[in-house]
Structures are given as C-alpha cells and as structure tokens.
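The next block is upload-v3.cif, given as mmCIF, C-alpha atoms.
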data_upload
loop_
_atom_site.group_PDB
_atom_site.id
_atom_site.type_symbol
_atom_site.label_atom_id
_atom_site.label_comp_id
_atom_site.auth_asym_id
_atom_site.auth_seq_id
_atom_site.Cartn_x
_atom_site.Cartn_y
_atom_site.Cartn_z
ATOM 1 C CA MET A 1 21.674 0.841 4.961
ATOM 2 C CA ASN A 2 19.984 -0.018 1.718
ATOM 3 C CA THR A 3 16.469 -0.404 0.347
ATOM 4 C CA ALA A 4 14.980 -3.871 -0.092
ATOM 5 C CA LEU A 5 12.528 -5.036 -2.745
ATOM 6 C CA PHE A 6 10.179 -7.853 -1.741
ATOM 7 C CA THR A 7 8.193 -9.679 -4.406
ATOM 8 C CA HIS A 8 7.346 -13.192 -5.593
ATOM 9 C CA LEU A 9 6.605 -14.665 -8.988
ATOM 10 C CA THR A 10 3.410 -16.271 -7.700
ATOM 11 C CA CYS A 11 1.922 -12.767 -7.641
ATOM 12 C CA LEU A 12 1.921 -12.978 -11.443
ATOM 13 C CA GLU A 13 -0.281 -16.094 -11.304
ATOM 14 C CA HIS A 14 -3.318 -14.217 -9.976
ATOM 15 C CA ASP A 15 -5.335 -14.131 -13.211
ATOM 16 C CA THR A 16 -8.271 -11.724 -13.185
ATOM 17 C CA GLY A 17 -9.420 -12.444 -16.735
ATOM 18 C CA PHE A 18 -9.520 -10.543 -19.996
ATOM 19 C CA GLY A 19 -9.857 -6.781 -19.723
ATOM 20 C CA HIS A 20 -9.617 -6.529 -15.954
ATOM 21 C CA PRO A 21 -7.581 -3.463 -14.914
ATOM 22 C CA GLU A 22 -5.831 -5.280 -12.047
ATOM 23 C CA CYS A 23 -3.828 -7.585 -14.309
ATOM 24 C CA ALA A 24 -0.480 -9.354 -14.122
ATOM 25 C CA ASP A 25 1.048 -6.902 -16.602
ATOM 26 C CA ARG A 26 0.928 -4.306 -13.824
ATOM 27 C CA LEU A 27 3.497 -6.228 -11.819
ATOM 28 C CA ARG A 28 5.512 -7.142 -14.904
ATOM 29 C CA VAL A 29 6.072 -3.501 -15.865
ATOM 30 C CA VAL A 30 6.948 -2.567 -12.278
ATOM 31 C CA LEU A 31 9.542 -5.327 -12.006
ATOM 32 C CA SER A 32 10.935 -4.454 -15.433
ATOM 33 C CA ALA A 33 11.332 -0.809 -14.437
ATOM 34 C CA LEU A 34 13.166 -1.854 -11.275
ATOM 35 C CA GLU A 35 15.641 -3.893 -13.343
ATOM 36 C CA GLU A 36 17.192 -0.775 -14.833
ATOM 37 C CA GLU A 37 20.826 0.033 -14.060
ATOM 38 C CA SER A 38 19.946 2.738 -11.550
ATOM 39 C CA PHE A 39 18.460 0.018 -9.327
ATOM 40 C CA MET A 40 21.514 -2.246 -9.344
ATOM 41 C CA PHE A 41 21.976 -1.770 -5.581
ATOM 42 C CA LEU A 42 18.374 -2.611 -4.705
ATOM 43 C CA ASP A 43 18.391 -5.534 -2.247
ATOM 44 C CA ARG A 44 16.080 -8.070 -3.949
ATOM 45 C CA ARG A 45 14.353 -10.687 -1.823
ATOM 46 C CA ASP A 46 11.758 -13.396 -2.439
ATOM 47 C CA ALA A 47 8.649 -12.992 -0.324
ATOM 48 C CA PRO A 48 7.537 -15.924 1.836
ATOM 49 C CA PRO A 49 3.844 -16.756 2.198
ATOM 50 C CA ALA A 50 2.044 -15.257 5.161
ATOM 51 C CA SER A 51 1.045 -17.707 7.859
ATOM 52 C CA ARG A 52 -2.468 -18.170 9.188
ATOM 53 C CA GLU A 53 -1.359 -16.603 12.462
ATOM 54 C CA GLN A 54 -0.108 -13.500 10.660
ATOM 55 C CA LEU A 55 -3.291 -13.115 8.610
ATOM 56 C CA GLU A 56 -5.547 -13.741 11.588
ATOM 57 C CA ARG A 57 -4.127 -10.777 13.491
ATOM 58 C CA VAL A 58 -6.265 -8.732 11.077
ATOM 59 C CA HIS A 59 -8.796 -11.132 9.523
ATOM 60 C CA PRO A 60 -11.070 -13.525 11.452
ATOM 61 C CA PRO A 61 -10.254 -17.223 10.853
ATOM 62 C CA ALA A 62 -13.549 -17.706 9.025
ATOM 63 C CA HIS A 63 -12.631 -14.999 6.534
ATOM 64 C CA VAL A 64 -9.200 -16.467 5.824
ATOM 65 C CA THR A 65 -10.718 -19.923 5.391
ATOM 66 C CA GLY A 66 -13.503 -18.599 3.192
ATOM 67 C CA VAL A 67 -11.222 -16.722 0.821
ATOM 68 C CA LEU A 68 -8.860 -19.647 0.387
ATOM 69 C CA ALA A 69 -11.748 -22.089 -0.028
ATOM 70 C CA ALA A 70 -13.198 -19.927 -2.805
ATOM 71 C CA ILE A 71 -10.111 -20.331 -5.009
ATOM 72 C CA PRO A 72 -11.244 -22.305 -8.079
ATOM 73 C CA ALA A 73 -9.428 -25.414 -9.271
ATOM 74 C CA GLU A 74 -9.711 -24.100 -12.814
ATOM 75 C CA GLY A 75 -11.153 -21.114 -14.618
ATOM 76 C CA HIS A 76 -12.410 -18.121 -12.668
ATOM 77 C CA SER A 77 -14.720 -17.392 -9.774
ATOM 78 C CA SER A 78 -15.567 -14.119 -8.066
ATOM 79 C CA LEU A 79 -16.072 -12.734 -4.581
ATOM 80 C CA ASP A 80 -17.842 -9.673 -5.997
ATOM 81 C CA SER A 81 -18.168 -8.072 -9.419
ATOM 82 C CA ASP A 82 -14.638 -6.616 -9.202
ATOM 83 C CA THR A 83 -12.776 -9.234 -7.190
ATOM 84 C CA ILE A 84 -11.932 -12.174 -9.440
ATOM 85 C CA LEU A 85 -10.216 -15.405 -8.425
ATOM 86 C CA SER A 86 -8.192 -17.929 -10.428
ATOM 87 C CA PRO A 87 -6.287 -21.084 -9.407
ATOM 88 C CA GLY A 88 -3.194 -18.992 -8.643
ATOM 89 C CA SER A 89 -4.949 -16.335 -6.585
ATOM 90 C CA GLY A 90 -4.536 -17.999 -3.191
ATOM 91 C CA GLU A 91 -0.761 -18.330 -3.392
ATOM 92 C CA ALA A 92 -0.498 -14.820 -4.824
ATOM 93 C CA ALA A 93 -2.480 -13.357 -1.926
ATOM 94 C CA LEU A 94 -0.463 -15.290 0.651
ATOM 95 C CA HIS A 95 2.841 -14.110 -0.832
ATOM 96 C CA ALA A 96 1.568 -10.531 -1.171
ATOM 97 C CA ALA A 97 0.787 -10.366 2.542
ATOM 98 C CA GLY A 98 3.930 -12.342 3.356
ATOM 99 C CA ALA A 99 6.055 -9.824 1.474
ATOM 100 C CA VAL A 100 4.911 -7.075 3.815
ATOM 101 C CA VAL A 101 5.563 -9.230 6.884
ATOM 102 C CA ALA A 102 9.076 -10.008 5.645
ATOM 103 C CA ALA A 103 9.682 -6.350 4.823
ATOM 104 C CA VAL A 104 8.636 -5.370 8.339
ATOM 105 C CA ASP A 105 11.069 -7.944 9.725
ATOM 106 C CA ALA A 106 13.932 -6.614 7.613
ATOM 107 C CA VAL A 107 13.251 -2.969 8.441
ATOM 108 C CA CYS A 108 12.499 -3.401 12.142
ATOM 109 C CA SER A 109 15.557 -5.610 12.689
ATOM 110 C CA GLY A 110 17.797 -3.015 11.062
ATOM 111 C CA GLU A 111 18.837 -5.186 8.101
ATOM 112 C CA VAL A 112 17.656 -2.484 5.685
ATOM 113 C CA ARG A 113 16.620 1.130 6.051
ATOM 114 C CA ASN A 114 13.354 0.787 4.167
ATOM 115 C CA ALA A 115 11.545 -1.578 1.814
ATOM 116 C CA PHE A 116 9.138 -1.665 -1.106
ATOM 117 C CA CYS A 117 6.765 -4.577 -1.700
ATOM 118 C CA ALA A 118 5.936 -5.099 -5.387
ATOM 119 C CA VAL A 119 2.943 -7.380 -4.998
ATOM 120 C CA ARG A 120 -0.564 -8.148 -6.160
ATOM 121 C CA PRO A 121 -3.412 -8.554 -5.443
ATOM 122 C CA PRO A 122 -3.533 -5.173 -3.677
ATOM 123 C CA GLY A 123 -4.973 -4.937 -0.190
ATOM 124 C CA HIS A 124 -6.224 -1.616 1.127
ATOM 125 C CA HIS A 125 -9.920 -2.218 0.326
ATOM 126 C CA ALA A 126 -9.994 -5.588 2.124
ATOM 127 C CA GLU A 127 -12.041 -5.244 5.305
ATOM 128 C CA PRO A 128 -11.240 -7.567 8.216
ATOM 129 C CA ASP A 129 -14.190 -9.775 7.249
ATOM 130 C CA GLN A 130 -14.767 -8.924 3.568
ATOM 131 C CA ALA A 131 -12.693 -9.097 0.389
ATOM 132 C CA MET A 132 -13.561 -6.330 -2.080
ATOM 133 C CA GLY A 133 -12.215 -3.903 -4.643
ATOM 134 C CA PHE A 134 -9.636 -6.301 -6.157
ATOM 135 C CA CYS A 135 -8.307 -7.025 -2.628
ATOM 136 C CA LEU A 136 -8.332 -10.368 -0.762
ATOM 137 C CA PHE A 137 -6.257 -9.715 2.372
ATOM 138 C CA ASN A 138 -5.212 -6.318 3.690
ATOM 139 C CA ASN A 139 -1.481 -6.546 3.089
ATOM 140 C CA VAL A 140 -0.437 -3.320 4.806
ATOM 141 C CA ALA A 141 -2.619 -4.017 7.852
ATOM 142 C CA VAL A 142 -1.153 -7.523 8.186
ATOM 143 C CA GLY A 143 2.294 -5.927 8.149
ATOM 144 C CA ALA A 144 1.330 -3.334 10.755
ATOM 145 C CA ALA A 145 -0.095 -6.006 13.037
ATOM 146 C CA HIS A 146 3.094 -8.033 12.659
ATOM 147 C CA ALA A 147 5.254 -5.031 13.545
ATOM 148 C CA ARG A 148 3.366 -4.634 16.796
ATOM 149 C CA ALA A 149 3.235 -8.335 17.702
ATOM 150 C CA ALA A 150 6.716 -9.439 16.650
ATOM 151 C CA HIS A 151 8.780 -6.269 17.035
ATOM 152 C CA LYS A 152 6.891 -4.440 19.791
ATOM 153 C CA ILE A 153 6.519 -1.289 17.715
ATOM 154 C CA LYS A 154 4.024 0.689 19.776
ATOM 155 C CA ARG A 155 2.795 3.236 17.218
ATOM 156 C CA VAL A 156 2.372 2.473 13.511
ATOM 157 C CA ALA A 157 1.217 5.044 10.959
ATOM 158 C CA ILE A 158 -0.133 4.138 7.521
ATOM 159 C CA VAL A 159 -0.216 6.798 4.799
ATOM 160 C CA ASP A 160 -2.284 6.001 1.696
ATOM 161 C CA PHE A 161 -1.966 8.123 -1.460
ATOM 162 C CA ASP A 162 -3.940 5.827 -3.762
ATOM 163 C CA VAL A 163 -6.682 7.646 -5.688
ATOM 164 C CA HIS A 164 -9.226 5.519 -3.794
ATOM 165 C CA HIS A 165 -9.841 5.587 -0.065
ATOM 166 C CA GLY A 166 -8.463 2.563 1.776
ATOM 167 C CA ASN A 167 -11.641 1.633 3.602
ATOM 168 C CA GLY A 168 -10.281 -1.679 4.885
ATOM 169 C CA THR A 169 -7.163 -0.113 6.341
ATOM 170 C CA GLN A 170 -9.192 2.616 8.011
ATOM 171 C CA THR A 171 -11.457 -0.021 9.577
ATOM 172 C CA TYR A 172 -8.402 -1.820 10.938
ATOM 173 C CA CYS A 173 -6.974 1.376 12.454
ATOM 174 C CA GLU A 174 -9.873 3.531 13.593
ATOM 175 C CA HIS A 175 -10.542 2.011 17.029
ATOM 176 C CA ASP A 176 -6.913 1.685 18.170
ATOM 177 C CA PRO A 177 -5.159 4.808 19.509
ATOM 178 C CA ASP A 178 -1.731 3.374 18.668
ATOM 179 C CA LEU A 179 -2.570 3.149 14.962
ATOM 180 C CA PHE A 180 -2.862 6.142 12.653
ATOM 181 C CA TYR A 181 -4.325 6.134 9.145
ATOM 182 C CA ALA A 182 -4.056 9.077 6.755
ATOM 183 C CA SER A 183 -5.350 9.124 3.200
ATOM 184 C CA THR A 184 -5.356 11.509 0.267
ATOM 185 C CA HIS A 185 -7.967 10.399 -2.250
ATOM 186 C CA GLN A 186 -10.396 11.651 -4.821
ATOM 187 C CA TRP A 187 -13.791 12.485 -3.379
ATOM 188 C CA PRO A 188 -16.356 11.326 -4.318
ATOM 189 C CA LEU A 189 -15.156 8.005 -5.745
ATOM 190 C CA TYR A 190 -15.252 4.280 -5.004
ATOM 191 C CA PRO A 191 -15.702 2.895 -2.365
ATOM 192 C CA GLY A 192 -17.681 5.864 -1.023
ATOM 193 C CA THR A 193 -15.901 6.005 2.332
ATOM 194 C CA GLY A 194 -13.279 8.444 3.559
ATOM 195 C CA SER A 195 -15.098 11.702 4.192
ATOM 196 C CA VAL A 196 -13.350 14.357 6.241
ATOM 197 C CA LYS A 197 -15.853 13.627 9.021
ATOM 198 C CA GLU A 198 -14.370 10.141 9.506
ATOM 199 C CA THR A 199 -11.691 10.847 12.096
ATOM 200 C CA GLY A 200 -11.427 7.602 14.074
ATOM 201 C CA GLU A 201 -12.432 6.904 17.644
ATOM 202 C CA PHE A 202 -9.339 8.666 18.973
ATOM 203 C CA GLY A 203 -8.810 11.242 16.239
ATOM 204 C CA ASN A 204 -6.406 8.760 14.683
ATOM 205 C CA VAL A 205 -7.828 8.898 11.137
ATOM 206 C CA LEU A 206 -7.198 11.761 8.724
ATOM 207 C CA ASN A 207 -8.939 11.892 5.359
ATOM 208 C CA ALA A 208 -7.785 14.623 3.002
ATOM 209 C CA CYS A 209 -10.388 14.580 0.225
ATOM 210 C CA LEU A 210 -9.370 15.945 -3.172
ATOM 211 C CA PRO A 211 -11.980 17.066 -5.726
ATOM 212 C CA PRO A 212 -11.801 15.589 -9.235
ATOM 213 C CA MET A 213 -9.121 17.210 -11.405
ATOM 214 C CA SER A 214 -7.019 18.178 -8.381
ATOM 215 C CA GLY A 215 -3.347 18.252 -9.229
ATOM 216 C CA SER A 216 -0.004 18.973 -7.653
ATOM 217 C CA PRO A 217 -0.939 22.190 -5.756
ATOM 218 C CA GLU A 218 -3.950 20.662 -4.018
ATOM 219 C CA PHE A 219 -2.193 17.369 -3.275
ATOM 220 C CA ARG A 220 0.961 18.977 -1.893
ATOM 221 C CA HIS A 221 -1.021 21.459 0.170
ATOM 222 C CA ALA A 222 -2.983 18.607 1.804
ATOM 223 C CA ILE A 223 0.196 16.690 2.582
ATOM 224 C CA GLN A 224 2.116 19.687 3.903
ATOM 225 C CA THR A 225 -0.635 21.302 5.975
ATOM 226 C CA LYS A 226 -2.620 18.276 7.169
ATOM 227 C CA LEU A 227 -0.780 14.960 6.943
ATOM 228 C CA ILE A 228 2.728 15.989 7.957
ATOM 229 C CA PRO A 229 1.643 17.878 11.118
ATOM 230 C CA ALA A 230 -0.617 14.976 12.096
ATOM 231 C CA LEU A 231 2.191 12.464 11.608
ATOM 232 C CA ASP A 232 4.582 14.617 13.633
ATOM 233 C CA ALA A 233 2.033 14.766 16.437
ATOM 234 C CA PHE A 234 1.519 10.975 16.342
ATOM 235 C CA ARG A 235 5.282 10.197 16.286
ATOM 236 C CA PRO A 236 5.149 6.731 14.680
ATOM 237 C CA GLY A 237 7.757 4.112 15.413
ATOM 238 C CA LEU A 238 7.171 2.677 11.934
ATOM 239 C CA LEU A 239 5.762 4.413 8.879
ATOM 240 C CA MET A 240 3.957 2.322 6.274
ATOM 241 C CA ILE A 241 2.799 3.506 2.863
ATOM 242 C CA SER A 242 -0.064 2.261 0.721
ATOM 243 C CA ALA A 243 1.561 3.334 -2.525
ATOM 244 C CA GLY A 244 -1.169 3.522 -5.130
ATOM 245 C CA PHE A 245 -0.211 5.342 -8.318
ATOM 246 C CA ASP A 246 -3.690 5.650 -9.835
ATOM 247 C CA ALA A 247 -3.827 9.339 -8.889
ATOM 248 C CA HIS A 248 -1.527 9.871 -11.887
ATOM 249 C CA MET A 249 -2.988 12.051 -14.630
ATOM 250 C CA ARG A 250 -2.744 9.212 -17.167
ATOM 251 C CA ASP A 251 -4.617 6.661 -15.057
ATOM 252 C CA PRO A 252 -7.985 5.552 -16.463
ATOM 253 C CA VAL A 253 -9.764 4.771 -13.177
ATOM 254 C CA GLY A 254 -9.364 8.075 -11.358
ATOM 255 C CA GLY A 255 -9.657 11.777 -12.025
ATOM 256 C CA LEU A 256 -6.655 13.360 -10.302
ATOM 257 C CA ASP A 257 -3.757 14.994 -12.131
ATOM 258 C CA LEU A 258 -0.589 13.967 -10.301
ATOM 259 C CA THR A 259 2.754 13.282 -11.992
ATOM 260 C CA GLU A 260 5.887 11.334 -11.147
ATOM 261 C CA ASP A 261 7.320 14.484 -9.565
ATOM 262 C CA ASP A 262 4.468 14.512 -7.049
ATOM 263 C CA PHE A 263 5.274 10.955 -5.982
ATOM 264 C CA VAL A 264 8.940 11.905 -5.581
ATOM 265 C CA TRP A 265 7.903 14.911 -3.488
ATOM 266 C CA VAL A 266 5.518 13.036 -1.173
ATOM 267 C CA THR A 267 8.003 10.176 -0.739
ATOM 268 C CA THR A 268 10.672 12.693 0.272
ATOM 269 C CA ARG A 269 8.355 14.275 2.834
ATOM 270 C CA LEU A 270 7.486 10.858 4.285
ATOM 271 C CA VAL A 271 11.145 9.839 4.497
ATOM 272 C CA GLU A 272 11.755 13.023 6.475
ATOM 273 C CA VAL A 273 8.951 12.094 8.892
ATOM 274 C CA ALA A 274 10.359 8.593 9.305
ATOM 275 C CA ASP A 275 13.821 10.029 9.953
ATOM 276 C CA ARG A 276 12.432 12.308 12.668
ATOM 277 C CA HIS A 277 10.393 9.711 14.521
ATOM 278 C CA ALA A 278 10.955 6.140 13.283
ATOM 279 C CA LYS A 279 14.710 5.786 12.752
ATOM 280 C CA GLY A 280 14.018 6.008 9.030
ATOM 281 C CA ARG A 281 11.890 2.849 9.059
ATOM 282 C CA ILE A 282 9.469 2.730 6.124
ATOM 283 C CA VAL A 283 7.654 -0.192 4.517
ATOM 284 C CA SER A 284 5.884 0.752 1.289
ATOM 285 C CA VAL A 285 3.359 -1.528 -0.418
ATOM 286 C CA LEU A 286 2.053 -1.364 -3.968
ATOM 287 C CA GLU A 287 -1.691 -0.734 -4.242
ATOM 288 C CA GLY A 288 -3.363 0.673 -7.382
ATOM 289 C CA GLY A 289 -2.116 2.079 -10.681
ATOM 290 C CA TYR A 290 -3.666 0.969 -13.967
ATOM 291 C CA ASP A 291 -1.948 2.879 -16.758
ATOM 292 C CA LEU A 292 1.068 0.666 -17.314
ATOM 293 C CA ARG A 293 3.498 3.372 -18.387
ATOM 294 C CA ALA A 294 2.485 5.743 -15.590
ATOM 295 C CA LEU A 295 2.605 2.899 -13.068
ATOM 296 C CA ALA A 296 6.107 1.825 -14.088
ATOM 297 C CA ASN A 297 7.499 5.355 -14.100
ATOM 298 C CA SER A 298 5.816 6.363 -10.848
ATOM 299 C CA THR A 299 6.918 3.240 -9.004
ATOM 300 C CA ALA A 300 10.484 3.688 -10.212
ATOM 301 C CA ALA A 301 10.459 7.305 -9.034
ATOM 302 C CA HIS A 302 9.076 6.276 -5.635
ATOM 303 C CA VAL A 303 11.617 3.496 -5.087
ATOM 304 C CA LYS A 304 14.524 5.615 -6.303
ATOM 305 C CA THR A 305 13.542 8.245 -3.737
ATOM 306 C CA LEU A 306 13.427 5.625 -0.972
ATOM 307 C CA MET A 307 16.956 4.595 -2.020
ATOM 308 C CA THR A 308 18.501 8.044 -2.217
ATOM 309 C CA VAL A 309 16.832 10.559 0.090
#
Could you rewrite the structure in this file as structure tokens?
Amino acid sequence: MNTALFTHLTCLEHDTGFGHPECADRLRVVLSALEEESFMFLDRRDAPPASREQLERVHPPAHVTGVLAAIPAEGHSSLDSDTILSPGSGEAALHAAGAVVAAVDAVCSGEVRNAFCAVRPPGHHAEPDQAMGFCLFNNVAVGAAHARAAHKIKRVAIVDFDVHHGNGTQTYCEHDPDLFYASTHQWPLYPGTGSVKETGEFGNVLNACLPPMSGSPEFRHAIQTKLIPALDAFRPGLLMISAGFDAHMRDPVGGLDLTEDDFVWVTTRLVEVADRHAKGRIVSVLEGGYDLRALANSTAAHVKTLMTV
C-alpha cells in the first residue's frame, strides 16, 4: 500500500500578515518539494472541510462558533497577539482539520498504509476551548477523535516532535486512558507547558524535555529510551504524528540542533512501532517549521521515509 498526501489550496488563503512566521510560503515550499520526481507515486488527495460534528468531538460548540464568527470580512483580526485571522482563515482551518479526518479514513479503511497532511494553520497549541499559538482547531486531536468514533480504534497515540510543546493536544489526551501523548520539545520555551512532571491522569503523557542547543544525541536518546518503550507498552491501534520541523538547527524560533537525518531516523523508529502494534497505520500532520529551506527539506525527508520504510 502507498502513502497519501492530503492538502487543499484553501490552506494557502490563511493570510497572517507581513512578517508573520506562520505564512503561506511555508505550505508552498512543502508542496513544491513534494512535487519532485521521487514523489511521483505519492497518492495526492484534496482535503474536504471538517464538519461541525467532527470538530465538536474535541472543541465545545461555543468555541467552534466563536472562531468562525471572528473571521473578518476583510483585512485582519486577531485572537491573540500571535494568532491572526484573515477572510480565508475559516476555510483554511476547516480544510486543515478535514485533511486529518480524511487521512484517518483512508488509513483506517486500508486504502493506504499511511498519510501526511500538508496543512495550515497548525493545530497542536489549540486547547479545546481556546485558539492560541497560530492554531485555531487542534487538527491532530480532531483526527484522533474521529478514529475512535468512526473506526472504533480503541487506543490512539500521538507523538509530537515540534520544538514547542503541544499543550492543546496534551489537554485533549491527559484524562483519557485510551489516548497517549508523547512530546520531545525544547524546555523552557513557549507555551511554558510540558514539564516532565506532567504525566497525565493515567500515566498516559510523556514529556521528554530537551535543553537549548540539544542535538541529535540528546534527541535520539530520548526517543529510544523513553518514547519507544512507552509506545510499545501502550500498543496503539493508530499512531499519529504532530510533525513540526522547527527543531531544525536552521529554524529561527527554536534553539535545538536537529537535521534532516534526525527526522528520517525518528520517522523510521515510529514506522517500526506502527508496524508492531497498529498494522502500519500512521497519520502525520504538519505543525511548525519556519525556515523555508529547512522546512521543505525536512518534510520531504519525512514523507520519503513514510513511503519507503
């Protein structure tokens, strides 16, 4: 079975204004990199919009209504100092979450082995009742909730290797024993959550904090000695990835020193986990990454590994 790419051109219409790091060029360089000849067998699919029902498995109705009502008819508005809205932001957010839902459908039905969602705005900072940190809806959490509701996947694990802690995803997972959230992230750094003491109500949260300037040895040691054993113990029926590439050494918003080879390595390890426990089922979702060259190269390396390992 092949790897599917889910995206939608409306995700380019989310305009965050001049100088904002989470810009449409991020998605443009990712899609351009995935047009190279080595990706000719990538199964490309347009993402549908998420439905209210799908969003409301994670976000209260008032939150969904409030975010969509805040979309300006023209110009820009903001939900906080970082989270900017434009007229195209609502459709972009709906298609970003909808991409993950559609990817879950394709993977859980056996149409494809795994999938990557090239979408924006990102999602892992979005709390159930609060948009923040560039994120409107929590795309990966909406996908996890859909896997459980529509495909009866009992245990879903989410691994997040963005340089920032995915506070919203942790909030979604931490009180449910059939969800597992694991994150490697720089500590301390925005949003200030994700200490090693945050372990979830059922021990179902694992935060592997990396000091600034940590590189490949520290990252790989945390994955190999902490995350992989915890995932093997949890035995997920579906593995989801919050694939943020801002831990790359070139990225301007973080202070870790990872390279493309590290993203190939961690993707390989996660594919092995999925093969052991989840019939190979992986849905990966783009999160951060703000140096355009590093983002394009890292995403290409990640997707190529999903296709070939």
Using only C-alpha atoms, which residue out of A:Gly192, A:Ala33, A:Ala24, A:Lys152 lies closest to A:His302? A:Ala33
Rank nothing, just name the residue among A:Ile228, A:Pro177, A:Val163, A:Ala50 nearest to A:Pro211, using all atoms listed in the file. A:Val163
From atom CA of A:Ile223 to atom CA of A:Ala278 the spacing works out at 18.5 Å
Give the answer as one residue: which of A:Arg57, A:Arg120, A:Arg235, A:Arg220 has the shortest atom-to-atom distance to A:Phe134, using all atoms listed in the file?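 Of the candidates, the smallest distance to A:Phe134 is held by A:Arg120.
The space separating atom CA of A:Leu256 from atom CA of A:Phe137 comes to 26.3 Å.
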Who sits within 10 Å of stretch 91-97 of chain A, only C-alpha atoms, same chain under 6 positions skipped, as a count of residues only: 40
Given the point (-11.6, 4.2, -1.4) in the file's coordinates, find the residues that have an atom at most 8 Å from it, counting only C-alpha atoms, and give them as a count of residues only. 13
Contact residues around A:Gly244 with all atoms listed in the file at 6 Å, ignoring same-chain residues under 3 positions, as JSON, numbers by chain: {"A": [161, 162, 286, 287, 288, 289]}
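Considering only C-alpha atoms, the residue among A:Thr184, A:Asn204, A:Thr65, A:Ser242 positioned nearest to A:Gln224 is A:Thr184.
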Could you check which of A:Pro212, A:Glu272, A:Asn2, A:Ala69 is closest to A:Pro188, using all atoms listed in the file?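 Ranked by minimum distance to A:Pro188, first place goes to A:Pro212.
Here the question is which of A:Asp257, A:Gly203, A:Glu56, A:Ser214 gets nearest to A:Ala145 using only C-alpha atoms, and that residue is A:Glu56.
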